[in-house]
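> Dropping the structure in here first, questions after.
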Amino acid sequence: MNLILLGPPGAGKGTQAKLLEEKFGIVQISTGDILRKSLADGTPLGQKAKAYMGKGELVPDSVMVDMIRERLKEPDCLNGFILDGFPRTIQQAEELDKILAVLGFSLTAAVKVNVPLEEIMRRLTIRCNCPNCGKITACGITADQFRCENCGTVLVKREDDKEEVVRKRFKVYEEQTQPLAEYYAKKGLLFELDGTLSIPAVGKLMAEKLTSMKIKR
Ligand code: AMP
């Protein structure tokens, strides 16, 4: 099963991707996580991406497409994958189609998780991340004094979860990423979900729908 998760920042794509990873044994590929790791490691990719990420803008398509092309060649993708945060533009989607054709993969579905701006603002301005295991926690406006309940590491807030950057990221999503819904609907691959439901409820709906799509294909 090869999936794309679409939805605004804070829609719960990462959380749902982790649930899907466990349920179906397929690997999560989060372009945001790869970029943040590159940034922390000080790689050339991280340096290229830094300014865009800090402003809530998209990293150029050519950089992202090269990155995904290499990642999809890794052997762990042969069992199936979840693209979390890619593609984000029509150009990325068109390039992805070419990469998948070369590698002999096809998409099972593009799942769009819908959440309105007010709820995104509420979620992102209170969320903290564990820099060690990646667990997300609702901690409040600052991350001070909070430790990860999984591994005990001191939590941090993402630079781009500041209110003005979240607004910008949402606008970028509406302008550049939403058009992908039509792109995948035309291919018969799109289904949409209400991302304001609870995490288990969204997970259940997603798993049911994907199981039925997998059987049909
Ligand atoms: P995310 O963790 O998915 O919210 O991504 C964080 C940031 O990484 C985004 O705001 C962009 O600056 C960058 N980014 C991640 N994925 C992509 C992509 N597919 N295209 C362009 N920029 C991306």
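For the structure tokens, the naming scheme is as follows: chains receive sequential letters (A, B, ...) according to their order of presentation, residues are indexed from 1 within each chain, and ligands are indexed from 1 in presentation order.
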Mind listing the residues within 9 Å of ligand 1, only C-alpha atoms and all ligand atoms counted, as JSON, numbers by chain?
{"A": [8, 9, 10, 13, 14, 30, 31, 32, 33, 34, 35, 36, 49, 50, 51, 52, 53, 54, 55, 56, 57, 58, 59, 60, 61, 63, 64, 65, 68, 84, 85, 86, 87, 88, 89, 92, 160, 165, 166, 168, 169, 172]}
> Output as a PyMOL selection string all residues of chain A that backbone DSSP marks as strand (DSSP E or B).
chain A and resi 2-6+27-30+81-84+109-114+127-129+136-138+147+154+156+190-194
> Identify, on the basis of only C-alpha atoms, every residue whose closest approach to segment 176-186 of chain A does not exceed 8 Å; exclude the query and any residue fewer than 5 positions from it along the same chain; express the result as an MDAnalysis selection string.
chainID A and resid 6:7 87:90 93 110 112 191
> Include N, CA and C atoms and write out the residues we just selected as a PDB file, in the first residue's frame.

```
ATOM      1  N   LEU A   6      -2.516  14.236   2.612  1.00  0.00           N
ATOM      2  CA  LEU A   6      -2.640  15.669   2.347  1.00  0.00           C
ATOM      3  C   LEU A   6      -3.377  16.313   3.515  1.00  0.00           C
ATOM      4  N   GLY A   7      -3.106  17.596   3.731  1.00  0.00           N
ATOM      5  CA  GLY A   7      -3.820  18.298   4.804  1.00  0.00           C
ATOM      6  C   GLY A   7      -2.957  19.424   5.314  1.00  0.00           C
ATOM      7  N   PRO A  87       3.501  15.103  -2.020  1.00  0.00           N
ATOM      8  CA  PRO A  87       3.840  16.374  -2.651  1.00  0.00           C
ATOM      9  C   PRO A  87       3.053  17.539  -2.041  1.00  0.00           C
ATOM     10  N   ARG A  88       3.565  18.744  -2.259  1.00  0.00           N
ATOM     11  CA  ARG A  88       2.886  19.937  -1.749  1.00  0.00           C
ATOM     12  C   ARG A  88       2.576  20.927  -2.862  1.00  0.00           C
ATOM     13  N   THR A  89       3.002  20.637  -4.069  1.00  0.00           N
ATOM     14  CA  THR A  89       2.673  21.490  -5.223  1.00  0.00           C
ATOM     15  C   THR A  89       2.334  20.568  -6.390  1.00  0.00           C
ATOM     16  N   ILE A  90       1.656  21.151  -7.388  1.00  0.00           N
ATOM     17  CA  ILE A  90       1.327  20.350  -8.574  1.00  0.00           C
ATOM     18  C   ILE A  90       2.613  19.857  -9.240  1.00  0.00           C
ATOM     19  N   ALA A  93       3.806  16.865  -7.559  1.00  0.00           N
ATOM     20  CA  ALA A  93       2.955  15.699  -7.835  1.00  0.00           C
ATOM     21  C   ALA A  93       3.273  15.118  -9.207  1.00  0.00           C
ATOM     22  N   ALA A 110      -4.778   8.874  -2.039  1.00  0.00           N
ATOM     23  CA  ALA A 110      -4.327  10.148  -1.476  1.00  0.00           C
ATOM     24  C   ALA A 110      -5.403  10.547  -0.462  1.00  0.00           C
ATOM     25  N   LYS A 112      -6.952  13.049   2.237  1.00  0.00           N
ATOM     26  CA  LYS A 112      -6.890  14.467   2.630  1.00  0.00           C
ATOM     27  C   LYS A 112      -7.599  14.634   3.973  1.00  0.00           C
ATOM     28  N   PHE A 191      -9.546  10.423  -1.112  1.00  0.00           N
ATOM     29  CA  PHE A 191     -10.678  10.463  -0.183  1.00  0.00           C
ATOM     30  C   PHE A 191     -10.373  11.418   0.947  1.00  0.00           C
TER      31      PHE A 191
END
```
> Got a sec: who's within 8 Å of Gly195 of chain A, counting only C-alpha atoms, leaving out chain neighbours fewer than 3 positions off, as a tab-separated table (two decimals) with N, CA, C and O atoms, in the first residue's frame?

```tsv
chain	number	residue	atom	x	y	z
A	11	ALA	N	-2.81	19.06	10.90
A	11	ALA	CA	-4.04	18.28	10.67
A	11	ALA	C	-3.95	16.91	11.34
A	11	ALA	O	-4.95	16.21	11.45
A	12	GLY	N	-2.74	16.53	11.74
A	12	GLY	CA	-2.57	15.21	12.36
A	12	GLY	C	-1.99	14.19	11.40
A	12	GLY	O	-2.07	12.98	11.65
A	113	VAL	N	-6.86	15.16	4.94
A	113	VAL	CA	-7.39	15.36	6.29
A	113	VAL	C	-7.73	16.85	6.44
A	113	VAL	O	-6.85	17.70	6.38
A	114	ASN	N	-9.02	17.13	6.58
A	114	ASN	CA	-9.47	18.53	6.61
A	114	ASN	C	-9.62	19.06	8.04
A	114	ASN	O	-10.29	18.44	8.87
A	115	VAL	N	-8.98	20.21	8.29
A	115	VAL	CA	-9.11	20.88	9.59
A	115	VAL	C	-9.10	22.40	9.33
A	115	VAL	O	-8.21	22.88	8.61
A	198	SER	N	-11.59	12.81	16.89
A	198	SER	CA	-10.49	12.38	17.77
A	198	SER	C	-9.45	11.58	16.98
A	198	SER	O	-9.76	11.04	15.91
A	202	VAL	N	-10.33	9.25	13.68
A	202	VAL	CA	-9.76	9.48	12.33
A	202	VAL	C	-9.00	8.22	11.89
A	202	VAL	O	-9.14	7.76	10.76
```
> Find the residues near segment 128-132 of chain A: any atom within 7 Å, counting only C-alpha atoms, skip ones fewer than 4 places away on the same chain, and give them as a ChimeraX atom specification.
/A:136-139,143,148,153-157
> Could you please determine the separation between atom CA of Tyr173 of chain A and atom CA of Leu117 of chain A in Å, to one decimal place?
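Separation between atom CA of Tyr173 of chain A and atom CA of Leu117 of chain A: 10.8 Å.
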> Report the residues of segment 1-210 of chain A whose backbone DSSP state falls under alpha helix (DSSP H), written as an MDAnalysis selection string.
chainID A and resid 13:24 31:41 44:55 61:72 90:103 117:125 163:172 179:186 199:210
